[in-house]
file input.txt (compact mmCIF, C-alpha atoms)
# COMPACT_ATOMS: atom_id res chain seq x y z
CA MET A 1 24.65 8.59 20.99
CA LYS A 2 23.20 5.15 21.62
CA ALA A 3 20.14 3.49 20.12
CA ARG A 4 17.02 3.85 22.27
CA ASN A 5 14.29 1.26 22.70
CA ILE A 6 10.71 2.23 21.75
CA VAL A 7 8.91 -1.12 22.06
CA ASP A 8 10.18 -4.69 21.91
CA ASN A 9 12.72 -4.98 19.08
CA VAL A 10 11.98 -1.49 17.72
CA TYR A 11 14.64 1.17 18.27
CA TRP A 12 15.24 4.83 17.59
CA LEU A 13 18.54 5.61 15.90
CA GLY A 14 19.66 8.93 14.49
CA ALA A 15 21.37 12.18 15.35
CA ILE A 16 20.53 15.51 16.97
CA ASP A 17 21.78 18.59 15.15
CA TRP A 18 22.06 21.26 17.86
CA ASP A 19 23.87 23.78 15.66
CA ARG A 20 21.87 23.82 12.46
CA ARG A 21 20.09 27.13 11.90
CA LEU A 22 19.06 26.91 8.23
CA PHE A 23 17.33 24.10 6.37
CA ASP A 24 17.26 23.70 2.59
CA SER A 25 19.30 26.94 2.41
CA LEU A 26 16.06 28.81 3.07
CA ILE A 27 14.11 27.80 6.19
CA PRO A 28 15.21 29.10 9.62
CA VAL A 29 15.50 26.39 12.30
CA PRO A 30 16.08 28.37 15.52
CA ASP A 31 15.77 25.24 17.68
CA GLY A 32 18.04 23.04 15.58
CA THR A 33 16.69 19.76 14.22
CA SER A 34 16.95 15.99 14.52
CA TYR A 35 17.43 13.21 11.99
CA ASN A 36 15.50 10.12 12.99
CA ALA A 37 16.06 6.60 11.79
CA TYR A 38 14.53 3.42 13.20
CA LEU A 39 15.61 -0.19 13.48
CA ILE A 40 13.28 -3.19 13.60
CA ARG A 41 14.81 -6.53 14.61
CA SER A 42 12.12 -9.10 13.88
CA SER A 43 12.29 -12.86 14.25
CA GLU A 44 13.46 -13.30 10.64
CA LYS A 45 14.42 -9.92 9.15
CA THR A 46 16.17 -6.73 10.27
CA VAL A 47 15.08 -3.41 8.77
CA LEU A 48 16.42 0.13 8.93
CA LEU A 49 13.87 2.88 8.29
CA ASP A 50 15.53 6.03 6.90
CA THR A 51 19.03 7.30 7.66
CA VAL A 52 20.52 10.69 8.62
CA GLU A 53 22.10 13.79 7.11
CA PRO A 54 25.44 12.74 5.53
CA ALA A 55 27.42 15.05 7.82
CA MET A 56 26.28 12.88 10.75
CA ALA A 57 26.72 9.50 9.07
CA ASP A 58 29.34 8.43 11.61
CA ILE A 59 26.76 8.61 14.41
CA LEU A 60 24.34 6.31 12.60
CA LEU A 61 27.09 3.89 11.60
CA SER A 62 28.28 3.68 15.22
CA GLN A 63 24.72 2.81 16.27
CA LEU A 64 24.74 0.01 13.70
CA ALA A 65 28.15 -1.30 14.78
CA ASP A 66 26.66 -4.28 16.64
CA ILE A 67 24.10 -5.11 13.95
CA PRO A 68 25.74 -7.92 11.94
CA HIS A 69 23.15 -8.17 9.19
CA LEU A 70 20.58 -5.89 7.59
CA ASP A 71 17.96 -7.09 5.11
CA TYR A 72 16.26 -3.86 4.06
CA VAL A 73 16.56 -0.09 4.19
CA ILE A 74 13.27 1.75 3.77
CA ALA A 75 13.61 5.17 2.14
CA HIS A 76 10.50 7.19 2.92
CA HIS A 77 11.82 10.33 1.23
CA ALA A 78 14.75 11.20 -1.06
CA GLU A 79 15.91 14.33 0.79
CA GLN A 80 19.34 14.21 2.38
CA ASP A 81 18.11 14.21 6.00
CA HIS A 82 16.28 10.95 5.25
CA ALA A 83 18.27 9.21 2.53
CA GLY A 84 21.69 10.89 2.53
CA THR A 85 23.53 8.13 4.39
CA ILE A 86 22.03 5.23 2.42
CA PRO A 87 25.21 4.83 0.29
CA GLN A 88 27.33 4.30 3.42
CA VAL A 89 24.81 1.79 4.77
CA LEU A 90 24.91 -0.12 1.46
CA ASP A 91 28.70 -0.22 1.68
CA LYS A 92 28.49 -1.69 5.19
CA TYR A 93 25.84 -4.27 4.26
CA PRO A 94 26.52 -5.53 0.68
CA GLY A 95 23.34 -7.63 0.54
CA VAL A 96 20.83 -5.06 1.73
CA GLN A 97 17.97 -3.90 -0.52
CA VAL A 98 16.47 -0.40 -0.49
CA LEU A 99 12.65 -0.29 -0.49
CA VAL A 100 11.10 2.87 -1.92
CA SER A 101 8.00 4.17 -3.71
CA PRO A 102 8.06 3.97 -7.54
CA LYS A 103 8.77 7.70 -7.90
CA GLY A 104 11.45 7.51 -5.24
CA LYS A 105 13.47 4.88 -7.09
CA GLY A 106 14.59 7.22 -9.85
CA MET A 107 15.40 9.96 -7.36
CA LEU A 108 17.69 7.72 -5.31
CA ILE A 109 19.44 6.45 -8.43
CA ASP A 110 19.91 9.96 -9.85
CA HIS A 111 20.77 11.87 -6.68
CA LEU A 112 22.69 9.28 -4.66
CA ARG A 113 24.03 7.09 -7.49
CA ILE A 114 22.59 3.98 -5.89
CA PRO A 115 22.76 0.98 -8.28
CA ALA A 116 19.35 0.20 -9.74
CA ASP A 117 19.60 -3.49 -8.82
CA ARG A 118 19.75 -2.56 -5.14
CA VAL A 119 16.51 -0.55 -5.18
CA THR A 120 13.10 -2.26 -5.05
CA GLU A 121 9.78 -0.48 -5.55
CA VAL A 122 6.91 -1.14 -3.13
CA LYS A 123 3.25 -0.57 -3.99
CA ASP A 124 0.74 1.42 -1.98
CA GLY A 125 -0.84 -0.98 0.52
CA GLU A 126 1.80 -3.67 -0.04
CA THR A 127 2.83 -5.63 3.07
CA LEU A 128 6.14 -7.20 4.01
CA LYS A 129 6.38 -10.06 6.53
CA LEU A 130 9.51 -9.87 8.66
CA GLY A 131 8.67 -12.91 10.77
CA ASP A 132 6.78 -11.88 13.88
CA LYS A 133 6.27 -8.32 12.59
CA THR A 134 4.56 -7.00 9.47
CA LEU A 135 5.14 -3.73 7.61
CA GLU A 136 2.55 -2.02 5.45
CA PHE A 137 3.63 0.68 2.98
CA ILE A 138 1.39 3.72 2.57
CA HIS A 139 2.09 6.12 -0.29
CA THR A 140 1.65 9.77 0.74
CA PRO A 141 2.55 11.74 -2.41
CA TRP A 142 3.19 15.46 -2.02
CA VAL A 143 3.63 15.27 1.73
CA HIS A 144 5.76 17.06 0.83
CA TRP A 145 7.57 15.61 -2.23
CA PRO A 146 6.01 13.45 -4.97
CA GLU A 147 7.73 10.25 -3.76
CA THR A 148 7.05 10.40 -0.02
CA MET A 149 5.56 7.43 1.79
CA SER A 150 4.99 6.12 5.31
CA THR A 151 5.32 2.68 6.88
CA TYR A 152 2.87 1.12 9.35
CA LEU A 153 4.08 -1.56 11.77
CA GLN A 154 0.89 -3.56 12.16
CA GLU A 155 1.54 -5.59 15.31
CA ASP A 156 2.78 -2.63 17.36
CA LYS A 157 0.45 -0.07 15.72
CA ILE A 158 3.32 2.34 15.00
CA LEU A 159 3.22 4.70 12.04
CA PHE A 160 6.62 5.78 10.73
CA SER A 161 5.25 8.91 9.12
CA CYS A 162 8.19 10.50 7.30
CA ASP A 163 7.60 14.30 7.35
CA PHE A 164 3.82 13.95 7.69
CA PHE A 165 3.70 15.16 11.32
CA GLY A 166 7.11 16.71 11.58
CA SER A 167 8.81 19.77 13.02
CA HIS A 168 12.37 21.02 13.43
CA LEU A 169 13.51 20.54 17.01
CA ALA A 170 16.73 19.43 18.68
CA THR A 171 16.30 17.85 22.12
CA THR A 172 17.43 14.81 24.09
CA ASP A 173 13.83 13.99 25.02
CA LEU A 174 12.65 10.84 23.33
CA TYR A 175 9.04 11.98 23.60
CA ALA A 176 7.31 15.36 23.53
CA ALA A 177 7.75 16.47 27.14
CA ASP A 178 7.57 20.22 26.52
CA LYS A 179 4.28 20.36 24.66
CA ALA A 180 4.22 24.13 24.20
CA ARG A 181 7.63 24.09 22.54
CA VAL A 182 6.66 21.15 20.36
CA TYR A 183 3.42 22.77 19.21
CA GLU A 184 5.25 25.98 18.31
CA ALA A 185 7.81 24.07 16.23
CA ALA A 186 5.07 21.98 14.58
CA LYS A 187 3.02 25.02 13.61
CA ARG A 188 6.09 26.71 12.13
CA TYR A 189 6.98 23.59 10.16
CA TYR A 190 3.45 23.18 8.82
CA ALA A 191 3.22 26.84 7.79
CA GLU A 192 6.60 26.90 6.07
CA ILE A 193 6.56 23.50 4.34
CA MET A 194 3.22 21.69 4.43
CA MET A 195 0.58 24.38 4.06
CA PRO A 196 0.76 24.53 0.21
CA PHE A 197 -0.19 20.83 0.21
CA ARG A 198 -2.95 21.01 2.84
CA GLY A 199 -5.61 19.59 0.54
CA ILE A 200 -3.45 16.62 -0.37
CA ILE A 201 -2.51 16.17 3.29
CA GLN A 202 -6.18 15.81 4.27
CA LYS A 203 -6.62 13.14 1.61
CA ASN A 204 -3.49 11.26 2.66
CA LEU A 205 -4.45 11.42 6.33
CA LYS A 206 -7.52 9.29 5.59
CA GLY A 207 -5.28 6.55 4.21
CA SER A 208 -2.71 6.65 7.01
CA ARG A 209 -4.49 4.31 9.45
CA ALA A 210 -5.24 7.33 11.64
CA GLY A 211 -7.68 5.44 13.86
CA ASN A 212 -5.22 2.68 14.68
CA TRP A 213 -2.04 4.42 15.80
CA ARG A 214 -0.60 3.64 19.19
CA SER A 215 2.56 5.60 18.45
CA LEU A 216 3.70 8.03 15.75
CA ARG A 217 7.32 8.22 14.60
CA PRO A 218 8.25 11.23 12.40
CA VAL A 219 11.60 11.40 10.68
CA THR A 220 12.80 15.00 10.91
CA ALA A 221 12.96 16.36 14.45
CA ARG A 222 12.13 14.86 17.84
CA PHE A 223 9.52 12.34 18.88
CA THR A 224 5.89 12.58 19.68
CA PRO A 225 4.42 10.65 22.55
CA SER A 226 3.17 7.09 22.33
CA LEU A 227 -0.58 7.01 22.60
CA PRO A 228 -2.29 4.69 25.09
CA SER A 229 -5.10 2.55 23.70
CA SER A 230 -7.74 4.84 25.21
CA LEU A 231 -6.42 7.73 23.09
CA ARG A 232 -5.94 5.98 19.77
CA ARG A 233 -8.79 7.96 18.23
CA ILE A 234 -7.69 11.33 19.58
CA PRO A 235 -8.24 14.14 17.00
CA ILE A 236 -5.09 14.70 15.02
CA GLY A 237 -5.17 18.42 15.74
CA SER A 238 -4.54 17.74 19.42
CA LEU A 239 -1.45 15.60 18.95
CA PRO A 240 1.87 17.12 20.02
CA LEU A 241 3.98 17.13 16.87
CA ARG A 242 7.68 17.32 16.14
CA LYS A 243 9.71 16.64 13.03
CA THR A 244 11.07 13.27 13.76
CA ALA A 245 9.43 9.90 13.89
CA TRP A 246 5.86 9.33 14.75

call {"tool": "encode", "arguments": {"input": "input.txt", "output": "structure tokens"}}
result
Amino acid sequence: MKARNIVDNVYWLGAIDWDRRLFDSLIPVPDGTSYNAYLIRSSEKTVLLDTVEPAMADILLSQLADIPHLDYVIAHHAEQDHAGTIPQVLDKYPGVQVLVSPKGKGMLIDHLRIPADRVTEVKDGETLKLGDKTLEFIHTPWVHWPETMSTYLQEDKILFSCDFFGSHLATTDLYAADKARVYEAAKRYYAEIMMPFRGIIQKNLKGSRAGNWRSLRPVTARFTPSLPSSLRRIPIGSLPLRKTAW
């Protein structure tokens, strides 16, 4: 599977898991799922946002085959479908640094045995200049783990939302073409995973630049549509969701 362009110098990477039927040894996923990673090639820095389930590491590494240098890997979440292939990426790029929330640092070190000197904490609201693009880190604790965070690409108004607006869905569509199917998967995901944290989710939504999105990129299933400028303030309840990148 090849990388797919989203906007100039921003690409979807990742893998589609057609056969998976159980997530976290507990949650049924009748429609499979997707593991979404993203690549930003700015004028000065190259950044990978999240990785894929370790069983599909070869797909991500093949997508990175023509990328000679990587400066940063952003780990939005310590679960395997987000962070599981980080060790292989670090092996491929010896100089790369992992950027993570303060609570995420210990998790990556403990669970993935990543050397502490290769993990850098980022603060809530901190920005990172990549040249002609700028990233802003937004901590979203308990959506749905204590370390989760999102990343906002300021110039392109893209929110890489981790599991914030996710769902489990396997499809080759880059965007949410079958809205009914996407809504069904999103409702199931919210009920099974996010509902216990609904109060915290409302609080975090206010800090997620909700009025400024042009496009949402989840990290656990398939994509949601890019939003034209006239719809940037559309109520969140009417957005077609899927667990992937928003």

call {"tool": "atom_distance", "arguments": {"input": "input.txt", "atom1": "CA of Thr171 (chain A)", "atom2": "CA of Ile201 (chain A)"}}
result
26.7 Å

call {"tool": "closest_residue", "arguments": {"input": "input.txt", "among": "A:Leu22, A:Ile158, A:Met56, A:Ile200", "to": "Val10 (chain A)", "atoms": "all atoms listed in the file"}}
result
A:Ile158

call {"tool": "atom_distance", "arguments": {"input": "input.txt", "atom1": "CA of Met195 (chain A)", "atom2": "CA of Ile86 (chain A)"}}
result
28.8 Å

call {"tool": "atom_distance", "arguments": {"input": "input.txt", "atom1": "CA of Val100 (chain A)", "atom2": "CA of Val182 (chain A)"}}
result
29.2 Å

call {"tool": "closest_residue", "arguments": {"input": "input.txt", "among": "A:His139, A:Trp18, A:Thr148, A:Lys103", "to": "Gly125 (chain A)", "atoms": "all atoms listed in the file"}}
result
A:His139

call {"tool": "closest_residue", "arguments": {"input": "input.txt", "among": "A:Glu79, A:Lys2, A:Asp132, A:Arg41", "to": "Ile67 (chain A)", "atoms": "all atoms listed in the file"}}
result
A:Arg41

call {"tool": "residues_around", "arguments": {"input": "input.txt", "residues": "Leu153 (chain A)", "least_positions_apart": "5", "cutoff": "9 Å", "atoms": "only C-alpha atoms", "output": "VMD selection string"}}
result
chain A and resid 133 to 136 158 to 160

call {"tool": "closest_residue", "arguments": {"input": "input.txt", "among": "A:Ile27, A:Leu48, A:Ala116, A:Ala83", "to": "Leu70 (chain A)", "atoms": "all atoms listed in the file"}}
result
A:Leu48

call {"tool": "closest_residue", "arguments": {"input": "input.txt", "among": "A:Asp124, A:Pro146, A:Ile6, A:Tyr11", "to": "Gly106 (chain A)", "atoms": "all atoms listed in the file"}}
result
A:Pro146

call {"tool": "residues_around", "arguments": {"input": "input.txt", "residues": "Arg118 (chain A)", "least_positions_apart": "5", "cutoff": "8 Å", "atoms": "only C-alpha atoms", "output": "VMD selection string"}}
result
chain A and resid 96 to 98

call {"tool": "residues_around", "arguments": {"input": "input.txt", "residues": "Ala37 (chain A)", "least_positions_apart": "3", "cutoff": "7 Å", "atoms": "all atoms listed in the file", "output": "number ranges by chain"}}
result
A: 12-14, 49-52, 219

call {"tool": "residues_around", "arguments": {"input": "input.txt", "residues": "region 112-114 of chain A", "least_positions_apart": "5", "cutoff": "9 Å", "atoms": "all atoms listed in the file", "output": "number ranges by chain"}}
result
A: 78, 83-84, 86-87, 90, 107, 119

call {"tool": "residues_around", "arguments": {"input": "input.txt", "residues": "Val143 (chain A)", "least_positions_apart": "2", "cutoff": "12 Å", "atoms": "all atoms listed in the file", "output": "PyMOL selection string"}}
result
chain A and resi 76-77+138-141+145-150+161-166+190+193-205+208

call {"tool": "closest_residue", "arguments": {"input": "input.txt", "among": "A:Ala176, A:Ala185, A:Leu61, A:Ala75", "to": "Gln88 (chain A)", "atoms": "all atoms listed in the file"}}
result
A:Leu61

call {"tool": "build_atoms", "arguments": {"input": "input.txt", "residues": "region 186-208 of chain A", "atoms": "N, CA and C atoms", "output": "JSON list (two decimals), in the frame of the given file"}}
result
[["chain", "number", "residue", "atom", "x", "y", "z"],
["A", 186, "ALA", "N", 5.93, 22.67, 15.56],
["A", 186, "ALA", "CA", 5.07, 21.98, 14.58],
["A", 186, "ALA", "C", 4.28, 22.97, 13.73],
["A", 187, "LYS", "N", 3.77, 24.01, 14.37],
["A", 187, "LYS", "CA", 3.02, 25.02, 13.61],
["A", 187, "LYS", "C", 3.92, 25.73, 12.61],
["A", 188, "ARG", "N", 5.14, 26.04, 13.03],
["A", 188, "ARG", "CA", 6.09, 26.71, 12.13],
["A", 188, "ARG", "C", 6.41, 25.80, 10.94],
["A", 189, "TYR", "N", 6.65, 24.54, 11.22],
["A", 189, "TYR", "CA", 6.98, 23.59, 10.16],
["A", 189, "TYR", "C", 5.82, 23.45, 9.17],
["A", 190, "TYR", "N", 4.61, 23.32, 9.70],
["A", 190, "TYR", "CA", 3.45, 23.18, 8.82],
["A", 190, "TYR", "C", 3.27, 24.42, 7.94],
["A", 191, "ALA", "N", 3.41, 25.60, 8.54],
["A", 191, "ALA", "CA", 3.22, 26.84, 7.79],
["A", 191, "ALA", "C", 4.26, 27.02, 6.71],
["A", 192, "GLU", "N", 5.50, 26.65, 7.00],
["A", 192, "GLU", "CA", 6.60, 26.90, 6.07],
["A", 192, "GLU", "C", 6.72, 25.84, 4.98],
["A", 193, "ILE", "N", 6.30, 24.60, 5.27],
["A", 193, "ILE", "CA", 6.56, 23.50, 4.34],
["A", 193, "ILE", "C", 5.28, 22.81, 3.86],
["A", 194, "MET", "N", 4.37, 22.52, 4.77],
["A", 194, "MET", "CA", 3.22, 21.69, 4.43],
["A", 194, "MET", "C", 1.98, 22.44, 3.96],
["A", 195, "MET", "N", 1.82, 23.68, 4.34],
["A", 195, "MET", "CA", 0.58, 24.38, 4.06],
["A", 195, "MET", "C", 0.20, 24.40, 2.57],
["A", 196, "PRO", "N", 1.15, 24.56, 1.64],
["A", 196, "PRO", "CA", 0.76, 24.53, 0.21],
["A", 196, "PRO", "C", 0.12, 23.22, -0.22],
["A", 197, "PHE", "N", 0.33, 22.15, 0.57],
["A", 197, "PHE", "CA", -0.19, 20.83, 0.21],
["A", 197, "PHE", "C", -1.32, 20.40, 1.14],
["A", 198, "ARG", "N", -1.98, 21.35, 1.80],
["A", 198, "ARG", "CA", -2.95, 21.01, 2.84],
["A", 198, "ARG", "C", -4.11, 20.17, 2.32],
["A", 199, "GLY", "N", -4.54, 20.40, 1.09],
["A", 199, "GLY", "CA", -5.61, 19.59, 0.54],
["A", 199, "GLY", "C", -5.18, 18.15, 0.34],
["A", 200, "ILE", "N", -3.99, 17.97, -0.17],
["A", 200, "ILE", "CA", -3.45, 16.62, -0.37],
["A", 200, "ILE", "C", -3.21, 15.94, 0.97],
["A", 201, "ILE", "N", -2.77, 16.72, 1.96],
["A", 201, "ILE", "CA", -2.51, 16.17, 3.29],
["A", 201, "ILE", "C", -3.80, 15.60, 3.89],
["A", 202, "GLN", "N", -4.91, 16.31, 3.75],
["A", 202, "GLN", "CA", -6.18, 15.81, 4.27],
["A", 202, "GLN", "C", -6.54, 14.48, 3.61],
["A", 203, "LYS", "N", -6.31, 14.38, 2.32],
["A", 203, "LYS", "CA", -6.62, 13.14, 1.61],
["A", 203, "LYS", "C", -5.71, 12.01, 2.09],
["A", 204, "ASN", "N", -4.42, 12.30, 2.24],
["A", 204, "ASN", "CA", -3.49, 11.26, 2.66],
["A", 204, "ASN", "C", -3.71, 10.83, 4.10],
["A", 205, "LEU", "N", -4.19, 11.75, 4.93],
["A", 205, "LEU", "CA", -4.45, 11.42, 6.33],
["A", 205, "LEU", "C", -5.49, 10.31, 6.44],
["A", 206, "LYS", "N", -6.47, 10.32, 5.55],
["A", 206, "LYS", "CA", -7.52, 9.29, 5.59],
["A", 206, "LYS", "C", -6.95, 7.90, 5.30],
["A", 207, "GLY", "N", -5.86, 7.85, 4.55],
["A", 207, "GLY", "CA", -5.28, 6.55, 4.21],
["A", 207, "GLY", "C", -4.14, 6.14, 5.11],
["A", 208, "SER", "N", -3.89, 6.90, 6.18],
["A", 208, "SER", "CA", -2.71, 6.65, 7.01],
["A", 208, "SER", "C", -2.98, 5.84, 8.25]]
